[in-house]
Amino acid sequence: MRKQNSISRRQFLSTAAVAASAPLLLPSRVWSAETGAKPNDRLTMGFIGTGKQGRHLLNSFLPHSNVQVVAVNDVDTTRREHHKKLVESFYGTKQDKDFKGCAAYKDFRELLGRKEIDAVVIATPDHWHAYPVVMAAKAKKDIYCEKPLSLTIHEARAMVNAVRENQRVFQTGSMQRSDSAFWKGCTLVRNGLIGDVKEVYVNVGGPSKWCDLSEEPMEPGLDWDFWLGPAPVRPYNSILSPRGVHDFFPNWRNYREYSGGGMTDWGAHHFDIAQWGLGMDESGPVEIIPPDGKDVKRLTYKYANGTVMYHGGLQGYDFGVVFVGTKGKVCVDRGRFKAEPEALMKENFDALPVKLYKSNNHYKDFVDCVRSRQKPICDVEIGARSVTVCHLGNLALWNKRKLTWDPAKEQFVGDPEANTWLDREKRNGWKV
């Protein structure tokens, strides 16, 4: 990895008025949580990225009695200061005498420089996942990073390498693996109870497009150059980084410079479950075929064992993922699953011979694994393989041609041009 070049360090102007008036809202379960653990028993955590998802993750980790949040980071002054106050209000209400305050940083590198921080939670836009993860691993921090894991295939592998080389515990935020409906469905499939899997249907959105947004006036308090980071320079637009504390998911995910659209956003959930059910957590498809308007009606993936996976739902089945086998079907979605024949739904899942990792709480699973030094349910390799499936689909759709993939070497076969698509140019030296 190249040494980081210095970036623009524009001085902040005064914080927008909304910062002072924004309410510090926490779910009731957070306020009622126990905080009785001794200080030296606690996992000290820092949060990188404090948008809507970052706030959700903060509220999810704060209640853990063996966790203490000590720092937050964001390039937006309003959000950064709001979440600092949120953390301080939580521990203040609990009268936690061991809490020494929450630091707030614009530059995530300052947060990573804090030796007493054990673990970080990264919830930045997708184009800002790889570099902080690699730096955090080198700083010997354990890492929880939101899905989709990366912006490119190369980034995903660089993140795996950094985590492994530094012996870090890493949880990918593909939290459906901690939903019992998905665990039950994949347990049935992996135990062969629907026979050989012939088809899988994954119902997620399409690819992103190049950003075409018009320029809007800048407001004080946001370091726009730092928000762009490795992405190309472009004028500010509030669709990419809405100002202040908001309760919606920004649409930067629609644009190729920052994300892969619905293919990576929901794909990092549902393709992840498809990979789990197929037993492909350390592999992937070997052919990716885009629709041609004639014989191929939808994006199609082929695995070496003959299983075919389609991008899009199965008619008559309103589920995110449907496995079709020689003896039946398994349909899964958040909080629900369906099996055919129906008798499969009454199986004693815990008694089946093929055991899948079982987690009832994605966040607790991470904290527990930091203590035990075991791999959590959605380890970095799993996150990398799942997002690679999403990226392969996007590359086939964007370039409108069939791709042949070697999942062991993570290279396109006999296709030098396609292998140039594994990564992108990065601005300001933010390359991994």
# chains A, B, ... in the order shown; residues from 1 in each chain; ligands from 1
call {"tool": "select_by_dssp", "arguments": {"residues": "region 118-233 of chain A", "states": "strand (DSSP E or B)", "output": "number ranges by chain"}}
result
A: 119-122, 142-145, 170-172, 197-202, 209, 222
call {"tool": "residues_around", "arguments": {"residues": "Asp265 (chain A)", "least_positions_apart": "2", "cutoff": "12 Å", "atoms": "only C-alpha atoms", "output": "PyMOL selection string"}}
result
chain A and resi 125-126+146-151+173-174+203-208+249+251-255+258-263+267-272+386-387+390-391+394
call {"tool": "write_last_selection", "arguments": {"atoms": "N, CA and C atoms", "output": "compact mmCIF listing (two decimals), in the first residue's frame"}}
result
# COMPACT_ATOMS: atom_id res chain seq x y z
N PRO A 125 -19.86 5.74 3.39
CA PRO A 125 -20.24 5.29 2.04
C PRO A 125 -19.26 4.23 1.53
N ASP A 126 -19.70 3.41 0.60
CA ASP A 126 -18.94 2.23 0.17
C ASP A 126 -17.54 2.56 -0.34
N GLU A 146 -19.60 -2.11 7.62
CA GLU A 146 -20.87 -2.28 6.93
C GLU A 146 -20.69 -2.93 5.55
N LYS A 147 -21.77 -3.57 5.12
CA LYS A 147 -21.84 -4.10 3.76
C LYS A 147 -22.33 -2.99 2.85
N PRO A 148 -22.17 -3.10 1.54
CA PRO A 148 -21.29 -4.05 0.85
C PRO A 148 -19.84 -3.75 1.19
N LEU A 149 -19.04 -4.79 1.30
CA LEU A 149 -17.72 -4.64 1.88
C LEU A 149 -16.83 -3.67 1.12
N SER A 150 -16.93 -3.63 -0.21
CA SER A 150 -15.97 -2.85 -0.98
C SER A 150 -16.62 -2.23 -2.21
N LEU A 151 -15.86 -1.34 -2.84
CA LEU A 151 -16.28 -0.75 -4.11
C LEU A 151 -15.78 -1.56 -5.29
N GLY A 173 -21.16 -6.38 7.97
CA GLY A 173 -22.51 -6.03 8.41
C GLY A 173 -23.63 -6.67 7.62
N SER A 174 -23.42 -7.82 7.02
CA SER A 174 -24.50 -8.56 6.35
C SER A 174 -25.29 -9.31 7.42
N ASN A 203 -33.54 -11.74 -5.59
CA ASN A 203 -34.37 -10.59 -5.99
C ASN A 203 -33.83 -9.30 -5.38
N VAL A 204 -32.94 -8.63 -6.12
CA VAL A 204 -32.37 -7.35 -5.69
C VAL A 204 -32.41 -6.37 -6.86
N GLY A 205 -32.06 -5.12 -6.59
CA GLY A 205 -32.09 -4.08 -7.61
C GLY A 205 -30.96 -4.20 -8.61
N GLY A 206 -30.89 -3.21 -9.49
CA GLY A 206 -29.92 -3.23 -10.58
C GLY A 206 -28.65 -2.46 -10.27
N PRO A 207 -27.81 -2.27 -11.28
CA PRO A 207 -26.51 -1.61 -11.08
C PRO A 207 -26.63 -0.11 -10.94
N SER A 208 -25.55 0.50 -10.47
CA SER A 208 -25.48 1.95 -10.37
C SER A 208 -25.07 2.55 -11.72
N PHE A 249 -31.74 6.99 4.09
CA PHE A 249 -30.50 6.54 3.47
C PHE A 249 -30.21 7.39 2.24
N ASN A 251 -28.76 8.77 -1.33
CA ASN A 251 -28.73 8.07 -2.61
C ASN A 251 -27.37 8.08 -3.30
N TRP A 252 -26.28 8.27 -2.55
CA TRP A 252 -24.96 8.09 -3.17
C TRP A 252 -24.81 6.66 -3.71
N ARG A 253 -25.57 5.72 -3.14
CA ARG A 253 -25.45 4.32 -3.56
C ARG A 253 -25.94 4.10 -4.99
N ASN A 254 -26.59 5.10 -5.59
CA ASN A 254 -27.06 4.96 -6.97
C ASN A 254 -25.98 5.24 -8.00
N TYR A 255 -24.79 5.68 -7.55
CA TYR A 255 -23.79 6.19 -8.48
C TYR A 255 -22.49 5.39 -8.38
N TYR A 258 -19.31 5.77 -6.12
CA TYR A 258 -19.39 5.56 -4.67
C TYR A 258 -19.97 4.20 -4.28
N SER A 259 -20.67 3.54 -5.19
CA SER A 259 -21.36 2.31 -4.83
C SER A 259 -21.79 1.55 -6.10
N GLY A 260 -22.36 0.38 -5.90
CA GLY A 260 -22.79 -0.45 -7.02
C GLY A 260 -24.29 -0.54 -7.19
N GLY A 261 -25.05 0.39 -6.58
CA GLY A 261 -26.50 0.38 -6.74
C GLY A 261 -27.16 -0.74 -5.94
N GLY A 262 -28.36 -1.11 -6.36
CA GLY A 262 -29.08 -2.18 -5.69
C GLY A 262 -28.36 -3.51 -5.75
N MET A 263 -27.55 -3.71 -6.78
CA MET A 263 -26.80 -4.96 -6.91
C MET A 263 -25.87 -5.18 -5.72
N GLY A 267 -27.79 -6.68 -2.71
CA GLY A 267 -27.09 -7.88 -3.11
C GLY A 267 -26.15 -8.40 -2.03
N ALA A 268 -25.54 -7.49 -1.28
CA ALA A 268 -24.65 -7.90 -0.19
C ALA A 268 -25.42 -8.58 0.93
N HIS A 269 -26.74 -8.47 0.91
CA HIS A 269 -27.58 -9.26 1.81
C HIS A 269 -28.02 -10.57 1.15
N HIS A 270 -28.70 -10.45 0.01
CA HIS A 270 -29.34 -11.64 -0.57
C HIS A 270 -28.37 -12.54 -1.34
N PHE A 271 -27.43 -11.99 -2.10
CA PHE A 271 -26.41 -12.85 -2.71
C PHE A 271 -25.57 -13.52 -1.63
N ASP A 272 -25.39 -12.82 -0.51
CA ASP A 272 -24.68 -13.41 0.63
C ASP A 272 -25.39 -14.65 1.13
N SER A 386 -18.99 -12.50 -1.02
CA SER A 386 -20.36 -12.10 -1.36
C SER A 386 -20.39 -10.83 -2.19
N VAL A 387 -19.59 -9.84 -1.81
CA VAL A 387 -19.61 -8.60 -2.58
C VAL A 387 -18.97 -8.82 -3.96
N CYS A 390 -21.61 -9.70 -6.33
CA CYS A 390 -22.32 -8.47 -6.75
C CYS A 390 -21.52 -7.71 -7.80
N HIS A 391 -20.23 -7.54 -7.56
CA HIS A 391 -19.38 -6.82 -8.51
C HIS A 391 -19.32 -7.53 -9.86
N ASN A 394 -22.41 -6.65 -11.78
CA ASN A 394 -22.35 -5.29 -12.30
C ASN A 394 -21.41 -5.17 -13.50
call {"tool": "residues_around", "arguments": {"residues": "Pro242 (chain A)", "least_positions_apart": "4", "cutoff": "10 Å", "atoms": "only C-alpha atoms", "output": "ChimeraX atom specification"}}
result
/A:51,76,237-238,246,248-252
call {"tool": "residues_around", "arguments": {"residues": "Glu287 (chain A)", "least_positions_apart": "3", "cutoff": "9 Å", "atoms": "only C-alpha atoms", "output": "MDAnalysis selection string"}}
result
chainID A and resid 300:304 402:406
call {"tool": "select_by_dssp", "arguments": {"residues": "region 98-313 of chain A", "states": "alpha helix (DSSP H)", "output": "ChimeraX atom specification"}}
result
/A:108-112,130-138,153-165,180-190,224-228,262-265,267-278
call {"tool": "residues_around", "arguments": {"residues": "Leu356 (chain A)", "least_positions_apart": "5", "cutoff": "12 Å", "atoms": "only C-alpha atoms", "output": "ChimeraX atom specification"}}
result
/A:177-178,180,182-191,276-279,281,349-351,377-378
call {"tool": "closest_atom_pairs", "arguments": {"of": "region 83-135 of chain A", "to": "region 168-172 of chain A", "cutoff": "10 Å", "atoms": "only C-alpha atoms", "output": "CSV"}}
result
residue,atom,partner,partner_atom,distance
A:Ala119,CA,A:Val169,CA,9.0
A:Val120,CA,A:Phe170,CA,9.8
A:Val121,CA,A:Gln171,CA,9.4
A:Ile122,CA,A:Thr172,CA,9.9
A:Val133,CA,A:Phe170,CA,9.5
call {"tool": "closest_residue", "arguments": {"among": "A:His311, A:Asn73, A:Val380, A:Leu240", "to": "Asn161 (chain A)", "atoms": "only C-alpha atoms"}}
result
A:Val380
call {"tool": "residues_around", "arguments": {"residues": "region 108-110 of chain A", "least_positions_apart": "5", "cutoff": "9 Å", "atoms": "only C-alpha atoms", "output": "JSON, numbers by chain"}}
result
{"A": [47, 48, 49, 72, 73, 74, 75, 132, 135, 136]}
call {"tool": "closest_residue", "arguments": {"among": "A:Lys138, A:Lys100, A:His154, A:Arg79", "to": "Asn419 (chain A)", "atoms": "only C-alpha atoms"}}
result
A:His154
call {"tool": "atom_distance", "arguments": {"atom1": "CA of Ile153 (chain A)", "atom2": "CA of Pro407 (chain A)"}}
result
11.3 Å
call {"tool": "residues_around", "arguments": {"residues": "region 114-116 of chain A", "least_positions_apart": "4", "cutoff": "9 Å", "atoms": "only C-alpha atoms", "output": "list in words"}}
result
Thr44, Met45, Glu110, Ala139, Lys140 and Lys141 of chain A
call {"tool": "write_last_selection", "arguments": {"atoms": "N, CA and C atoms", "output": "short mmCIF file (atom, residue, chain, number, x, y, z; two decimals), in the first residue's frame"}}
result
data_model
loop_
_atom_site.label_atom_id
_atom_site.label_comp_id
_atom_site.auth_asym_id
_atom_site.auth_seq_id
_atom_site.Cartn_x
_atom_site.Cartn_y
_atom_site.Cartn_z
N THR A 44 -13.30 -1.01 24.21
CA THR A 44 -13.40 0.40 23.84
C THR A 44 -13.54 0.51 22.33
N MET A 45 -14.51 1.32 21.89
CA MET A 45 -14.86 1.37 20.47
C MET A 45 -14.88 2.80 19.94
N GLU A 110 -6.91 10.06 12.92
CA GLU A 110 -6.68 10.46 14.31
C GLU A 110 -7.34 9.51 15.28
N ALA A 139 -3.40 -0.94 12.48
CA ALA A 139 -3.34 -0.33 13.81
C ALA A 139 -3.78 -1.30 14.90
N LYS A 140 -4.00 -2.56 14.52
CA LYS A 140 -4.36 -3.63 15.45
C LYS A 140 -5.72 -3.41 16.10
N LYS A 141 -6.64 -2.83 15.34
CA LYS A 141 -8.02 -2.70 15.80
C LYS A 141 -8.85 -3.84 15.21
#
call {"tool": "closest_residue", "arguments": {"among": "A:Gln315, A:Thr388, A:Thr77, A:Gln411", "to": "Pro220 (chain A)", "atoms": "only C-alpha atoms"}}
result
A:Thr77
call {"tool": "closest_residue", "arguments": {"among": "A:Thr124, A:Leu299, A:Ser89, A:Arg80", "to": "Tyr105 (chain A)", "atoms": "only C-alpha atoms"}}
result
A:Arg80
call {"tool": "closest_residue", "arguments": {"among": "A:Pro232, A:Gly101, A:Gly284, A:Pro217", "to": "Ile382 (chain A)", "atoms": "only C-alpha atoms"}}
result
A:Gly284
call {"tool": "closest_residue", "arguments": {"among": "A:Gly312, A:Gly192, A:Pro376, A:Gly46", "to": "Asp118 (chain A)", "atoms": "only C-alpha atoms"}}
result
A:Gly46
